[in-house]
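File shown here: protein-v1.pdb, holding PDB, C-alpha atoms, pLDDT in the B column.
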```
ATOM      1  CA  MET A  20       0.121  15.206  67.601  1.00 47.00           C
ATOM      2  CA  SER A  21      -0.560  11.989  69.471  1.00 47.00           C
ATOM      3  CA  GLY A  22      -4.243  12.900  69.353  1.00 47.00           C
ATOM      4  CA  ALA A  23      -4.055  12.755  65.565  1.00 45.00           C
ATOM      5  CA  LEU A  24      -2.423   9.326  65.761  1.00 46.00           C
ATOM      6  CA  ASP A  25      -5.029   8.131  68.232  1.00 47.00           C
ATOM      7  CA  GLY A  26      -7.737   9.336  65.872  1.00 42.00           C
ATOM      8  CA  LEU A  27      -6.253   7.263  63.075  1.00 47.00           C
ATOM      9  CA  SER A  28      -6.254   4.152  65.234  1.00 46.00           C
ATOM     10  CA  ALA A  29      -9.811   4.739  66.425  1.00 50.00           C
ATOM     11  CA  SER A  30     -11.045   5.144  62.857  1.00 51.00           C
ATOM     12  CA  GLY A  31      -9.525   1.842  61.796  1.00 55.00           C
ATOM     13  CA  GLY A  32      -6.286   3.260  60.287  1.00 59.00           C
ATOM     14  CA  LEU A  33      -2.755   2.366  61.339  1.00 60.00           C
ATOM     15  CA  SER A  34      -0.888   4.411  63.920  1.00 59.00           C
ATOM     16  CA  ALA A  35       2.819   5.174  63.637  1.00 54.00           C
ATOM     17  CA  LEU A  36       3.497   2.704  66.450  1.00 55.00           C
ATOM     18  CA  ASP A  37       1.690  -0.051  64.549  1.00 65.00           C
ATOM     19  CA  ILE A  38       4.001   0.440  61.561  1.00 73.00           C
ATOM     20  CA  LEU A  39       7.246   0.666  63.546  1.00 72.00           C
ATOM     21  CA  PRO A  40       6.845   0.046  67.272  1.00 77.00           C
ATOM     22  CA  GLU A  41       9.139   1.958  69.578  1.00 76.00           C
ATOM     23  CA  HIS A  42      10.982  -1.181  70.716  1.00 79.00           C
ATOM     24  CA  SER A  43      11.730  -2.069  67.063  1.00 82.00           C
ATOM     25  CA  LEU A  44      12.935   1.447  66.359  1.00 83.00           C
ATOM     26  CA  ALA A  45      15.074   1.311  69.502  1.00 83.00           C
ATOM     27  CA  ALA A  46      16.640  -1.964  68.314  1.00 86.00           C
ATOM     28  CA  VAL A  47      17.465  -0.439  64.912  1.00 87.00           C
ATOM     29  CA  VAL A  48      18.957   2.687  66.491  1.00 88.00           C
ATOM     30  CA  ASP A  49      20.932   0.538  68.957  1.00 89.00           C
ATOM     31  CA  SER A  50      22.425  -1.367  66.018  1.00 92.00           C
ATOM     32  CA  LEU A  51      23.302   1.908  64.279  1.00 93.00           C
ATOM     33  CA  VAL A  52      24.908   3.206  67.472  1.00 93.00           C
ATOM     34  CA  ARG A  53      27.104   0.109  67.657  1.00 96.00           C
ATOM     35  CA  VAL A  54      28.149   0.495  64.005  1.00 96.00           C
ATOM     36  CA  VAL A  55      29.025   4.184  64.412  1.00 96.00           C
ATOM     37  CA  GLU A  56      30.920   3.471  67.670  1.00 95.00           C
ATOM     38  CA  ALA A  57      32.835   0.677  65.927  1.00 97.00           C
ATOM     39  CA  VAL A  58      33.751   2.996  63.048  1.00 97.00           C
ATOM     40  CA  GLY A  59      34.996   5.625  65.522  1.00 96.00           C
ATOM     41  CA  ALA A  60      37.025   3.054  67.423  1.00 96.00           C
ATOM     42  CA  ALA A  61      38.435   1.668  64.157  1.00 97.00           C
ATOM     43  CA  VAL A  62      39.482   5.149  63.006  1.00 97.00           C
ATOM     44  CA  ILE A  63      41.284   5.782  66.302  1.00 96.00           C
ATOM     45  CA  PHE A  64      42.897   2.322  66.222  1.00 97.00           C
ATOM     46  CA  VAL A  65      44.111   2.695  62.625  1.00 97.00           C
ATOM     47  CA  GLY A  66      45.491   6.143  63.433  1.00 97.00           C
ATOM     48  CA  ALA A  67      47.320   4.805  66.492  1.00 96.00           C
ATOM     49  CA  VAL A  68      48.826   1.893  64.545  1.00 97.00           C
ATOM     50  CA  LEU A  69      49.943   4.149  61.682  1.00 97.00           C
ATOM     51  CA  ALA A  70      51.394   6.662  64.144  1.00 95.00           C
ATOM     52  CA  ALA A  71      53.262   3.884  65.980  1.00 95.00           C
ATOM     53  CA  VAL A  72      54.757   2.598  62.719  1.00 95.00           C
ATOM     54  CA  ARG A  73      55.728   6.109  61.622  1.00 94.00           C
ATOM     55  CA  PHE A  74      57.142   6.814  65.097  1.00 93.00           C
ATOM     56  CA  VAL A  75      59.405   3.763  64.972  1.00 93.00           C
ATOM     57  CA  ALA A  76      60.501   4.525  61.399  1.00 92.00           C
ATOM     58  CA  THR A  77      61.258   8.137  62.326  1.00 90.00           C
ATOM     59  CA  ALA A  78      63.077   7.124  65.527  1.00 88.00           C
ATOM     60  CA  LEU A  79      65.335   4.790  63.537  1.00 89.00           C
ATOM     61  CA  ARG A  80      66.212   7.584  61.058  1.00 90.00           C
ATOM     62  CA  THR A  81      66.721  10.515  63.391  1.00 87.00           C
ATOM     63  CA  ARG A  82      66.646  11.589  67.020  1.00 80.00           C
ATOM     64  CA  SER A  83      65.410  15.117  66.304  1.00 82.00           C
ATOM     65  CA  ALA A  84      62.258  16.042  68.205  1.00 79.00           C
ATOM     66  CA  ASP A  85      61.074  18.088  65.215  1.00 80.00           C
ATOM     67  CA  ALA A  86      60.960  14.931  63.094  1.00 83.00           C
ATOM     68  CA  PHE A  87      58.114  13.598  65.247  1.00 85.00           C
ATOM     69  CA  VAL A  88      55.790  16.578  64.685  1.00 84.00           C
ATOM     70  CA  PRO A  89      54.230  15.122  61.495  1.00 87.00           C
ATOM     71  CA  VAL A  90      53.568  11.875  63.379  1.00 89.00           C
ATOM     72  CA  ARG A  91      51.731  13.802  66.083  1.00 88.00           C
ATOM     73  CA  LEU A  92      49.775  15.783  63.489  1.00 87.00           C
ATOM     74  CA  SER A  93      48.667  12.633  61.722  1.00 90.00           C
ATOM     75  CA  LEU A  94      47.624  10.956  64.977  1.00 92.00           C
ATOM     76  CA  GLY A  95      45.781  14.119  66.024  1.00 88.00           C
ATOM     77  CA  ARG A  96      43.739  14.096  62.819  1.00 89.00           C
ATOM     78  CA  PHE A  97      42.747  10.455  63.375  1.00 94.00           C
ATOM     79  CA  LEU A  98      41.820  11.175  67.001  1.00 91.00           C
ATOM     80  CA  GLU A  99      39.739  14.158  65.966  1.00 88.00           C
ATOM     81  CA  LEU A 100      37.819  12.145  63.356  1.00 93.00           C
ATOM     82  CA  GLY A 101      37.343   9.193  65.726  1.00 93.00           C
ATOM     83  CA  LEU A 102      35.962  11.483  68.426  1.00 89.00           C
ATOM     84  CA  GLU A 103      33.477  12.920  65.933  1.00 90.00           C
ATOM     85  CA  PHE A 104      32.176   9.411  65.222  1.00 94.00           C
ATOM     86  CA  GLN A 105      31.931   8.706  68.952  1.00 90.00           C
ATOM     87  CA  LEU A 106      29.941  11.913  69.469  1.00 88.00           C
ATOM     88  CA  ALA A 107      27.627  10.925  66.607  1.00 91.00           C
ATOM     89  CA  SER A 108      26.964   7.577  68.301  1.00 90.00           C
ATOM     90  CA  ASP A 109      26.106   9.367  71.547  1.00 86.00           C
ATOM     91  CA  VAL A 110      23.626  11.605  69.736  1.00 87.00           C
ATOM     92  CA  LEU A 111      22.043   8.557  68.074  1.00 88.00           C
ATOM     93  CA  ARG A 112      21.772   6.797  71.428  1.00 85.00           C
ATOM     94  CA  THR A 113      19.533   9.553  72.774  1.00 83.00           C
ATOM     95  CA  ALA A 114      17.367   9.759  69.631  1.00 81.00           C
ATOM     96  CA  ILE A 115      14.646   7.428  70.954  1.00 78.00           C
ATOM     97  CA  ALA A 116      12.681   8.781  73.926  1.00 72.00           C
ATOM     98  CA  PRO A 117      15.620  10.048  75.959  1.00 81.00           C
ATOM     99  CA  SER A 118      15.292  10.576  79.691  1.00 84.00           C
ATOM    100  CA  TYR A 119      16.519  13.755  81.363  1.00 88.00           C
ATOM    101  CA  ARG A 120      19.422  11.726  82.756  1.00 88.00           C
ATOM    102  CA  GLU A 121      20.443  10.585  79.249  1.00 85.00           C
ATOM    103  CA  ILE A 122      20.156  14.133  77.926  1.00 87.00           C
ATOM    104  CA  GLY A 123      22.371  15.379  80.763  1.00 90.00           C
ATOM    105  CA  GLN A 124      24.935  12.652  80.096  1.00 87.00           C
ATOM    106  CA  LEU A 125      24.911  13.479  76.386  1.00 87.00           C
ATOM    107  CA  GLY A 126      25.474  17.147  77.192  1.00 89.00           C
ATOM    108  CA  ALA A 127      28.430  16.334  79.425  1.00 89.00           C
ATOM    109  CA  ILE A 128      29.933  13.897  76.910  1.00 87.00           C
ATOM    110  CA  ALA A 129      29.392  16.345  74.042  1.00 86.00           C
ATOM    111  CA  ALA A 130      31.052  19.143  76.014  1.00 89.00           C
ATOM    112  CA  ILE A 131      34.088  16.997  76.862  1.00 89.00           C
ATOM    113  CA  ARG A 132      34.479  15.667  73.312  1.00 84.00           C
ATOM    114  CA  THR A 133      33.954  19.113  71.799  1.00 86.00           C
ATOM    115  CA  ALA A 134      36.645  20.529  74.081  1.00 89.00           C
ATOM    116  CA  LEU A 135      39.005  17.689  73.129  1.00 86.00           C
ATOM    117  CA  ASN A 136      38.330  18.302  69.431  1.00 84.00           C
ATOM    118  CA  TYR A 137      38.872  22.036  69.861  1.00 88.00           C
ATOM    119  CA  PHE A 138      42.229  21.613  71.554  1.00 89.00           C
ATOM    120  CA  LEU A 139      43.330  18.907  69.096  1.00 86.00           C
ATOM    121  CA  ALA A 140      42.409  21.118  66.149  1.00 86.00           C
ATOM    122  CA  ARG A 141      44.211  24.084  67.706  1.00 89.00           C
ATOM    123  CA  GLU A 142      47.340  22.030  68.329  1.00 86.00           C
ATOM    124  CA  ILE A 143      47.267  20.648  64.780  1.00 84.00           C
ATOM    125  CA  ARG A 144      46.894  24.176  63.383  1.00 87.00           C
ATOM    126  CA  ASP A 145      49.739  25.515  65.542  1.00 87.00           C
ATOM    127  CA  GLU A 146      52.034  22.626  64.590  1.00 83.00           C
ATOM    128  CA  ARG A 147      51.268  23.133  60.888  1.00 84.00           C
ATOM    129  CA  LEU A 148      52.008  26.836  61.149  1.00 86.00           C
ATOM    130  CA  GLN A 149      55.245  26.051  62.964  1.00 83.00           C
ATOM    131  CA  LEU A 150      56.253  23.573  60.251  1.00 81.00           C
ATOM    132  CA  ALA A 151      55.364  26.048  57.511  1.00 84.00           C
ATOM    133  CA  GLY A 152      57.385  28.767  59.254  1.00 84.00           C
ATOM    134  CA  GLU A 153      60.402  26.511  59.667  1.00 80.00           C
ATOM    135  CA  ALA A 154      60.180  25.436  56.032  1.00 81.00           C
ATOM    136  CA  ALA A 155      59.963  29.060  54.904  1.00 85.00           C
ATOM    137  CA  ARG A 156      62.983  30.015  57.019  1.00 84.00           C
ATOM    138  CA  SER A 157      64.999  27.110  55.631  1.00 79.00           C
ATOM    139  CA  GLY A 158      63.948  28.084  52.097  1.00 72.00           C
ATOM    140  CA  SER A 159      62.535  24.697  51.133  1.00 55.00           C
ATOM    141  CA  GLY A 160      58.879  25.737  50.962  1.00 48.00           C
ATOM    142  CA  ASN A 161      57.721  22.223  51.897  1.00 49.00           C
ATOM    143  CA  PRO A 162      58.592  20.390  55.078  1.00 46.00           C
ATOM    144  CA  SER A 163      60.350  17.115  54.360  1.00 45.00           C
ATOM    145  CA  SER A 164      58.111  15.079  56.583  1.00 44.00           C
ATOM    146  CA  GLY A 165      56.770  12.499  54.204  1.00 45.00           C
ATOM    147  CA  ASP A 166      53.248  13.626  55.173  1.00 47.00           C
ATOM    148  CA  PRO A 167      51.472  14.701  51.982  1.00 44.00           C
ATOM    149  CA  SER A 168      49.324  17.186  53.892  1.00 46.00           C
ATOM    150  CA  ALA A 169      52.235  18.681  55.839  1.00 46.00           C
ATOM    151  CA  GLY A 170      52.921  22.253  54.856  1.00 45.00           C
ATOM    152  CA  HIS A 171      49.381  22.745  53.566  1.00 46.00           C
ATOM    153  CA  PRO A 172      46.987  24.854  55.615  1.00 46.00           C
ATOM    154  CA  PRO A 173      43.879  23.256  57.083  1.00 45.00           C
ATOM    155  CA  ALA A 174      40.879  23.335  54.776  1.00 47.00           C
ATOM    156  CA  GLY A 175      39.348  26.785  54.561  1.00 45.00           C
ATOM    157  CA  ARG A 176      42.397  28.564  55.964  1.00 44.00           C
ATOM    158  CA  PRO A 177      45.033  30.478  54.023  1.00 44.00           C
ATOM    159  CA  ALA A 178      48.637  29.335  54.156  1.00 45.00           C
ATOM    160  CA  ALA A 179      50.908  31.205  56.543  1.00 44.00           C
ATOM    161  CA  GLY A 180      52.004  34.468  54.958  1.00 43.00           C
ATOM    162  CA  ARG A 181      49.309  34.304  52.242  1.00 42.00           C
ATOM    163  CA  LEU A 182      46.022  36.131  52.545  1.00 40.00           C
ATOM    164  CA  PRO A 183      42.801  35.304  50.752  1.00 44.00           C
ATOM    165  CA  ALA A 184      41.802  37.712  47.999  1.00 46.00           C
ATOM    166  CA  GLY A 185      40.243  40.902  49.311  1.00 45.00           C
ATOM    167  CA  HIS A 186      41.879  40.844  52.756  1.00 43.00           C
ATOM    168  CA  PRO A 187      44.165  43.737  53.691  1.00 44.00           C
ATOM    169  CA  PRO A 188      47.698  43.005  54.929  1.00 43.00           C
ATOM    170  CA  ALA A 189      46.654  44.033  58.472  1.00 44.00           C
ATOM    171  CA  ALA A 190      44.805  40.700  58.711  1.00 41.00           C
ATOM    172  CA  ALA A 191      48.104  38.811  58.688  1.00 42.00           C
ATOM    173  CA  ALA A 192      49.303  37.172  61.874  1.00 44.00           C
ATOM    174  CA  PRO A 193      51.586  39.438  63.919  1.00 44.00           C
ATOM    175  CA  ARG A 194      55.260  38.579  63.734  1.00 44.00           C
ATOM    176  CA  SER A 195      57.290  37.980  66.834  1.00 45.00           C
ATOM    177  CA  ASP A 196      60.824  39.231  67.392  1.00 45.00           C
ATOM    178  CA  SER A 197      62.124  35.712  66.793  1.00 45.00           C
ATOM    179  CA  ASP A 198      60.706  35.743  63.217  1.00 45.00           C
ATOM    180  CA  THR A 199      62.928  38.639  62.099  1.00 41.00           C
TER     181      THR A 199
END
```

Could I get this file's structure written as structure tokens?
Amino acid sequence: MSGALDGLSASGGLSALDILPEHSLAAVVDSLVRVVEAVGAAVIFVGAVLAAVRFVATALRTRSADAFVPVRLSLGRFLELGLEFQLASDVLRTAIAPSYREIGQLGAIAAIRTALNYFLAREIRDERLQLAGEAARSGSGNPSSGDPSAGHPPAGRPAAGRLPAGHPPAAAAPRSDSDT
């Protein structure tokens, strides 16, 4: 491929590096990386501030540990989104002529952030299912958490106890002795 570019330069045409030199492209990508990192940091910061405000408001109303679950769920969603932005900035950083060292660092960072996202998503799902189960047992149908998304299943997943069309009842989650 570089032979084709060299041929263009030798015949009087412009090469890709003449149009956008690598150092210019690196400067643009570096600016994009900073913007994406800033967005990720801002998402995490906003989530932390909102969670702190909701924590204080909840603590003043009640001392029940269950009342803090929606606060944790909300913070977890912000952390998950912020980590996705941070991972995107790491991928961008290695877009311009990465060294083997940078590729290795990206792999390690991606693995750590992916694991964090996985465990955050699993905890959010488990907490939502727990809230939905408690709401169903109390007969209210919706947890009174003040969180508009509380009680709703994550996108693409059926609500607890409801199966998507075409799935047999055997696909339902097994019930424990404490559910009866």

note - atom CA of A:Pro40 and atom CA of A:Ala129 are separated by 28.6 Å

Which residues are near stretch 85-97 of chain A? Cut-off 12 Å, all atoms listed in the file, ignore same chain within fewer than 5 positions. Put them as number ranges by chain. A: 58-80, 102-104, 135-151, 153-154, 162-170, 173

Could you tell me, as a count of residues only, which residues have any atom at most 12 Å from (31.7, 12.3, 69.7), counting only C-alpha atoms? 33

Do you know which residues are at most 12 Å from A:Leu44 counting all atoms listed in the file, after dropping those on the same chain fewer than 4 positions away, and could you put them as a VMD selection string? chain A and resid 35 to 40 48 to 51 111 to 112 114 to 116

Write to file, as a tab-separated table (two decimals), keeping the file's coordinate frame, the residues of the selection just made, with C-alpha atoms.
```tsv
chain	number	residue	atom	x	y	z
A	35	ALA	CA	2.82	5.17	63.64
A	36	LEU	CA	3.50	2.70	66.45
A	37	ASP	CA	1.69	-0.05	64.55
A	38	ILE	CA	4.00	0.44	61.56
A	39	LEU	CA	7.25	0.67	63.55
A	40	PRO	CA	6.84	0.05	67.27
A	48	VAL	CA	18.96	2.69	66.49
A	49	ASP	CA	20.93	0.54	68.96
A	50	SER	CA	22.42	-1.37	66.02
A	51	LEU	CA	23.30	1.91	64.28
A	111	LEU	CA	22.04	8.56	68.07
A	112	ARG	CA	21.77	6.80	71.43
A	114	ALA	CA	17.37	9.76	69.63
A	115	ILE	CA	14.65	7.43	70.95
A	116	ALA	CA	12.68	8.78	73.93
```

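A straight line drawn from atom CA of A:Pro117 to atom CA of A:Glu41 is 12.2 Å long.
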
Just the number, please: distance in Å from atom CA of A:His42 to atom CA of A:Gly123, one decimal. 22.5 Å
